[in-house]
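Participant: Sending over a structure as structure tokens; questions will come in a sec.
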Amino acid sequence: MEKLNIYKKILASKKTMLAALIDPDKYNPENICKIISAANNSLIDLIFVGGSLIQTGVDEIIKQIKEKTKIPVLIFPGSVLQISKKADGMLLLSLISGRNPEFLIGNHVIAARFIKKCNFEVIPTGYIIIESGKTTSVEYISNTKPIPYNKYDIAVSTAIAGELLGLKMIYLEAGSGAKLKINTKMISEVKKNISIPLIVGGGINSKADFIKAKNAGANIVVIGTAFEKNISLLEQFK
Ligand code: 1GP
């Protein structure tokens with residue numbers, strides 16, 4: 001498959017990118033068609049595919065997406081079962097806010113040879129979970145403790161450590177459907193202290209939220225649940 005140099009495009013982008021997160025378990029052939037055609041008519045720059053659980057084959061869902069769009073598709077894996085060579089690449093997540101070795105290196109070892117065989121773009125990403133008012137699926141499933149909502153210094157130090165370790169992006173995650181989004185001070189403090197792209201997601205459900213995250217310094221904003229619940233929200237991003 002032709003490599004798209006997605007990371008280079010992220011680095012070169014002068015605007016904040018918008019990524020639509022597609023959880024394979026929340027879509028079927030009919031609504032996947034609808035969201036992809038809405039994405040094609042809006043400012044979606046990237047499609048992330050992944051979720052906490054798995055019922056539907058990720059290969060099949062990515063095949064359907066790729067048939068309908070040229071927007072790059074990156075796996076955002078909730079587990080090793082969600083890696084598919086049909087994607088354009090993947091975020092190789094290291095859950096650096098947590099202290100669970102399985103999500104820091106264990107799963108990476110399990111999947112390493114398969115990932116190499118996929119021959120797609122791999123973007124090592126430091127994944128930082130921030131407390132968001134209730135227990136989220138990612139927190140429960142990963143069995144890790146999020147960084148407290150206002151502990152900016154811990155989040156900043158974690159992000160810097162990620163960059164020093166050679167990770168290529170930092171993802172500040174409040175968790176899917178989060179009650180509290182990542183606050184703008186957290187975004188701007190982390191952004192000020194790293195020179196790699198910053199992704200922000202979790203609980204973002206309007207264009208106004210997108211603009212707040214953008215103004216605080218996010219390079220990529222991720223929206224999943226809000227698009228699932230209301231495809232017409234994509235209209236706001238034209
Ligand atoms: C979750 O950051 C993503 O991993 C997106 O969250 O589903 O709340 O948009 P939402």
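Residue numbering restarts at 1 for every chain of the structure tokens, chains are lettered A, B, ... in their displayed order, and ligands are numbered from 1 as they appear.
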Find the residues near A:Thr158: any atom within 12 Å, counting only C-alpha atoms, skip ones fewer than 5 places away on the same chain, and give them as a PyMOL selection string.
Facilitator: chain A and resi 94-99+126-130+146-147+151-153+163-165+167+170-172+189-190+193-194
Participant: Restricting the output to C-alpha atoms, write the selected residues as a compact mmCIF listing (two decimals), in the first residue's frame.
Facilitator:
```txt
# COMPACT_ATOMS: atom_id res chain seq x y z
CA SER A 94 2.38 3.97 25.22
CA LEU A 95 0.21 4.74 28.24
CA ILE A 96 2.78 6.90 30.01
CA SER A 97 0.43 8.36 32.64
CA GLY A 98 -0.11 4.83 33.96
CA ARG A 99 2.09 2.31 35.68
CA GLY A 126 2.60 9.05 24.48
CA TYR A 127 -0.90 8.48 25.80
CA ILE A 128 -1.75 10.51 28.91
CA ILE A 129 -5.08 9.96 30.65
CA ILE A 130 -6.43 12.87 32.68
CA PRO A 146 -5.36 9.02 35.50
CA ILE A 147 -3.48 12.22 36.32
CA LYS A 151 -2.18 18.60 38.31
CA TYR A 152 -0.60 20.50 35.44
CA ASP A 153 2.96 19.93 36.64
CA GLU A 163 9.20 13.46 24.23
CA LEU A 164 12.63 12.72 25.74
CA LEU A 165 11.96 9.01 25.27
CA LEU A 167 7.75 9.51 21.25
CA ILE A 170 1.43 13.33 22.95
CA TYR A 171 -2.27 12.48 23.34
CA LEU A 172 -4.10 14.11 26.27
CA GLU A 189 0.76 24.13 29.83
CA VAL A 190 1.60 20.85 28.10
CA ASN A 193 6.64 22.48 27.22
CA ILE A 194 6.86 20.08 24.28
```
Participant: Could you build a table of the residues in chain A lying no more than 8 Å from ligand 1, giving for each the nearest pair of atoms and their separation in Å rounded to one decimal place, using only C-alpha atoms and all ligand atoms, ordered by chain and ascending residue number, as a Markdown table?
Facilitator:
```
| residue | atom | partner | partner_atom_place_in_ligand_line | distance |
| --- | --- | --- | --- | --- |
| A:Leu21 | CA | ligand 1 | 5 (C) | 6.2 |
| A:Gly51 | CA | ligand 1 | 4 (O) | 7.2 |
| A:Val138 | CA | ligand 1 | 4 (O) | 7.5 |
| A:Leu172 | CA | ligand 1 | 2 (O) | 8.0 |
| A:Glu173 | CA | ligand 1 | 2 (O) | 5.4 |
| A:Ala174 | CA | ligand 1 | 2 (O) | 6.5 |
| A:Gly175 | CA | ligand 1 | 1 (C) | 4.9 |
| A:Ser176 | CA | ligand 1 | 8 (O) | 3.5 |
| A:Gly177 | CA | ligand 1 | 8 (O) | 3.5 |
| A:Ala178 | CA | ligand 1 | 8 (O) | 5.5 |
| A:Val200 | CA | ligand 1 | 2 (O) | 6.7 |
| A:Gly201 | CA | ligand 1 | 2 (O) | 3.4 |
| A:Gly202 | CA | ligand 1 | 6 (O) | 3.4 |
| A:Gly203 | CA | ligand 1 | 8 (O) | 3.6 |
| A:Ile204 | CA | ligand 1 | 9 (O) | 5.3 |
| A:Asn205 | CA | ligand 1 | 9 (O) | 6.7 |
| A:Val222 | CA | ligand 1 | 5 (C) | 5.4 |
| A:Ile223 | CA | ligand 1 | 9 (O) | 3.8 |
| A:Gly224 | CA | ligand 1 | 9 (O) | 3.6 |
| A:Thr225 | CA | ligand 1 | 7 (O) | 3.7 |
| A:Ala226 | CA | ligand 1 | 9 (O) | 5.8 |
| A:Phe227 | CA | ligand 1 | 9 (O) | 7.7 |
```
Participant: For the selection you just gave me, I'd like the residues written to a file as a PDB file, in the first residue's frame, keeping N, CA, C and O atoms.
Facilitator:
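Result file is again-v8.pdb:
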```pdb
ATOM      1  N   LEU A  21     -13.199   9.918  15.445  1.00  0.00           N
ATOM      2  CA  LEU A  21     -12.917   8.588  15.991  1.00  0.00           C
ATOM      3  C   LEU A  21     -14.087   7.661  15.703  1.00  0.00           C
ATOM      4  O   LEU A  21     -15.229   7.958  16.077  1.00  0.00           O
ATOM      5  N   GLY A  51     -11.432   1.284  19.866  1.00  0.00           N
ATOM      6  CA  GLY A  51     -12.386   1.372  20.981  1.00  0.00           C
ATOM      7  C   GLY A  51     -11.893   0.516  22.130  1.00  0.00           C
ATOM      8  O   GLY A  51     -10.863  -0.154  22.015  1.00  0.00           O
ATOM      9  N   VAL A 138     -11.466   3.701  29.346  1.00  0.00           N
ATOM     10  CA  VAL A 138     -10.012   3.547  29.141  1.00  0.00           C
ATOM     11  C   VAL A 138      -9.295   3.390  30.481  1.00  0.00           C
ATOM     12  O   VAL A 138      -8.356   2.594  30.608  1.00  0.00           O
ATOM     13  N   LEU A 172      -3.451  13.849  24.982  1.00  0.00           N
ATOM     14  CA  LEU A 172      -4.103  14.115  26.273  1.00  0.00           C
ATOM     15  C   LEU A 172      -5.538  13.608  26.177  1.00  0.00           C
ATOM     16  O   LEU A 172      -6.328  14.127  25.385  1.00  0.00           O
ATOM     17  N   GLU A 173      -5.840  12.618  26.974  1.00  0.00           N
ATOM     18  CA  GLU A 173      -7.121  11.892  26.851  1.00  0.00           C
ATOM     19  C   GLU A 173      -7.968  12.053  28.109  1.00  0.00           C
ATOM     20  O   GLU A 173      -7.530  11.703  29.211  1.00  0.00           O
ATOM     21  N   ALA A 174      -9.183  12.577  27.942  1.00  0.00           N
ATOM     22  CA  ALA A 174     -10.106  12.622  29.079  1.00  0.00           C
ATOM     23  C   ALA A 174     -10.936  11.340  29.144  1.00  0.00           C
ATOM     24  O   ALA A 174     -11.567  11.050  30.167  1.00  0.00           O
ATOM     25  N   GLY A 175     -10.951  10.567  28.034  1.00  0.00           N
ATOM     26  CA  GLY A 175     -11.747   9.334  27.977  1.00  0.00           C
ATOM     27  C   GLY A 175     -13.004   9.563  27.165  1.00  0.00           C
ATOM     28  O   GLY A 175     -13.572  10.657  27.169  1.00  0.00           O
ATOM     29  N   SER A 176     -13.415   8.503  26.461  1.00  0.00           N
ATOM     30  CA  SER A 176     -14.575   8.642  25.592  1.00  0.00           C
ATOM     31  C   SER A 176     -15.824   8.995  26.409  1.00  0.00           C
ATOM     32  O   SER A 176     -16.113   8.372  27.426  1.00  0.00           O
ATOM     33  N   GLY A 177     -16.531  10.015  25.941  1.00  0.00           N
ATOM     34  CA  GLY A 177     -17.746  10.446  26.634  1.00  0.00           C
ATOM     35  C   GLY A 177     -17.465  11.114  27.973  1.00  0.00           C
ATOM     36  O   GLY A 177     -18.329  11.153  28.860  1.00  0.00           O
ATOM     37  N   ALA A 178     -16.254  11.633  28.150  1.00  0.00           N
ATOM     38  CA  ALA A 178     -15.858  12.221  29.442  1.00  0.00           C
ATOM     39  C   ALA A 178     -16.842  13.293  29.907  1.00  0.00           C
ATOM     40  O   ALA A 178     -17.367  14.062  29.098  1.00  0.00           O
ATOM     41  N   VAL A 200      -5.684  16.129  21.485  1.00  0.00           N
ATOM     42  CA  VAL A 200      -6.577  16.274  22.644  1.00  0.00           C
ATOM     43  C   VAL A 200      -7.918  15.614  22.318  1.00  0.00           C
ATOM     44  O   VAL A 200      -8.464  15.816  21.222  1.00  0.00           O
ATOM     45  N   GLY A 201      -8.440  14.828  23.253  1.00  0.00           N
ATOM     46  CA  GLY A 201      -9.734  14.192  23.010  1.00  0.00           C
ATOM     47  C   GLY A 201     -10.442  13.825  24.298  1.00  0.00           C
ATOM     48  O   GLY A 201      -9.860  13.872  25.387  1.00  0.00           O
ATOM     49  N   GLY A 202     -11.726  13.490  24.126  1.00  0.00           N
ATOM     50  CA  GLY A 202     -12.542  13.055  25.253  1.00  0.00           C
ATOM     51  C   GLY A 202     -13.574  14.093  25.632  1.00  0.00           C
ATOM     52  O   GLY A 202     -13.237  15.161  26.129  1.00  0.00           O
ATOM     53  N   GLY A 203     -14.835  13.797  25.331  1.00  0.00           N
ATOM     54  CA  GLY A 203     -15.940  14.663  25.749  1.00  0.00           C
ATOM     55  C   GLY A 203     -16.119  15.930  24.926  1.00  0.00           C
ATOM     56  O   GLY A 203     -16.903  16.801  25.297  1.00  0.00           O
ATOM     57  N   ILE A 204     -15.413  16.029  23.813  1.00  0.00           N
ATOM     58  CA  ILE A 204     -15.543  17.250  22.995  1.00  0.00           C
ATOM     59  C   ILE A 204     -16.788  17.091  22.128  1.00  0.00           C
ATOM     60  O   ILE A 204     -16.900  16.133  21.357  1.00  0.00           O
ATOM     61  N   ASN A 205     -17.745  18.007  22.303  1.00  0.00           N
ATOM     62  CA  ASN A 205     -18.999  17.739  21.588  1.00  0.00           C
ATOM     63  C   ASN A 205     -19.604  18.934  20.867  1.00  0.00           C
ATOM     64  O   ASN A 205     -20.794  18.941  20.566  1.00  0.00           O
ATOM     65  N   VAL A 222      -9.795  15.333  18.698  1.00  0.00           N
ATOM     66  CA  VAL A 222     -10.497  14.090  18.345  1.00  0.00           C
ATOM     67  C   VAL A 222     -11.938  14.151  18.845  1.00  0.00           C
ATOM     68  O   VAL A 222     -12.189  14.512  19.994  1.00  0.00           O
ATOM     69  N   ILE A 223     -12.860  13.797  17.954  1.00  0.00           N
ATOM     70  CA  ILE A 223     -14.274  13.726  18.350  1.00  0.00           C
ATOM     71  C   ILE A 223     -14.822  12.355  17.943  1.00  0.00           C
ATOM     72  O   ILE A 223     -14.696  11.953  16.779  1.00  0.00           O
ATOM     73  N   GLY A 224     -15.381  11.640  18.905  1.00  0.00           N
ATOM     74  CA  GLY A 224     -15.962  10.326  18.631  1.00  0.00           C
ATOM     75  C   GLY A 224     -17.436  10.291  18.973  1.00  0.00           C
ATOM     76  O   GLY A 224     -18.308  10.378  18.099  1.00  0.00           O
ATOM     77  N   THR A 225     -17.713  10.249  20.281  1.00  0.00           N
ATOM     78  CA  THR A 225     -19.087  10.077  20.761  1.00  0.00           C
ATOM     79  C   THR A 225     -20.062  11.107  20.176  1.00  0.00           C
ATOM     80  O   THR A 225     -21.172  10.761  19.778  1.00  0.00           O
ATOM     81  N   ALA A 226     -19.644  12.362  20.126  1.00  0.00           N
ATOM     82  CA  ALA A 226     -20.571  13.410  19.670  1.00  0.00           C
ATOM     83  C   ALA A 226     -20.983  13.187  18.211  1.00  0.00           C
ATOM     84  O   ALA A 226     -22.142  13.421  17.857  1.00  0.00           O
ATOM     85  N   PHE A 227     -20.061  12.712  17.362  1.00  0.00           N
ATOM     86  CA  PHE A 227     -20.429  12.418  15.964  1.00  0.00           C
ATOM     87  C   PHE A 227     -21.311  11.169  15.885  1.00  0.00           C
ATOM     88  O   PHE A 227     -22.232  11.095  15.072  1.00  0.00           O
TER      89      PHE A 227
END
```
Participant: Quote the spacing between atom CA of A:Ala38 and atom CA of A:Lys15 in Å to one decimal place.
Facilitator: 20.4 Å
Participant: If you run DSSP on this backbone, which residues of stretch 98-206 of chain A come out as strand (DSSP E), and could you give them as a list of chain:residue names?
Facilitator: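 Result set for stretch 98-206 of chain A (strand (DSSP E)): A:Glu121, A:Val122, A:Ile123, A:Pro124, A:Thr125, A:Gly126, A:Tyr127, A:Ile128, A:Ile129, A:Met169, A:Ile170, A:Tyr171, A:Leu172, A:Glu173, A:Leu198, A:Ile199, A:Val200, A:Gly201.
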Participant: I need the residue nearest A:Ser37 from this list: A:Thr135, A:Lys68, A:Ala20, A:Glu60. Use only C-alpha atoms for the distance.
Facilitator: A:Lys68
Participant: Out of stretch 90-169 of chain A, which residues get alpha helix (DSSP H) from DSSP, as a PyMOL selection string?
Facilitator: chain A and resi 101+107-118+137-142+152-164
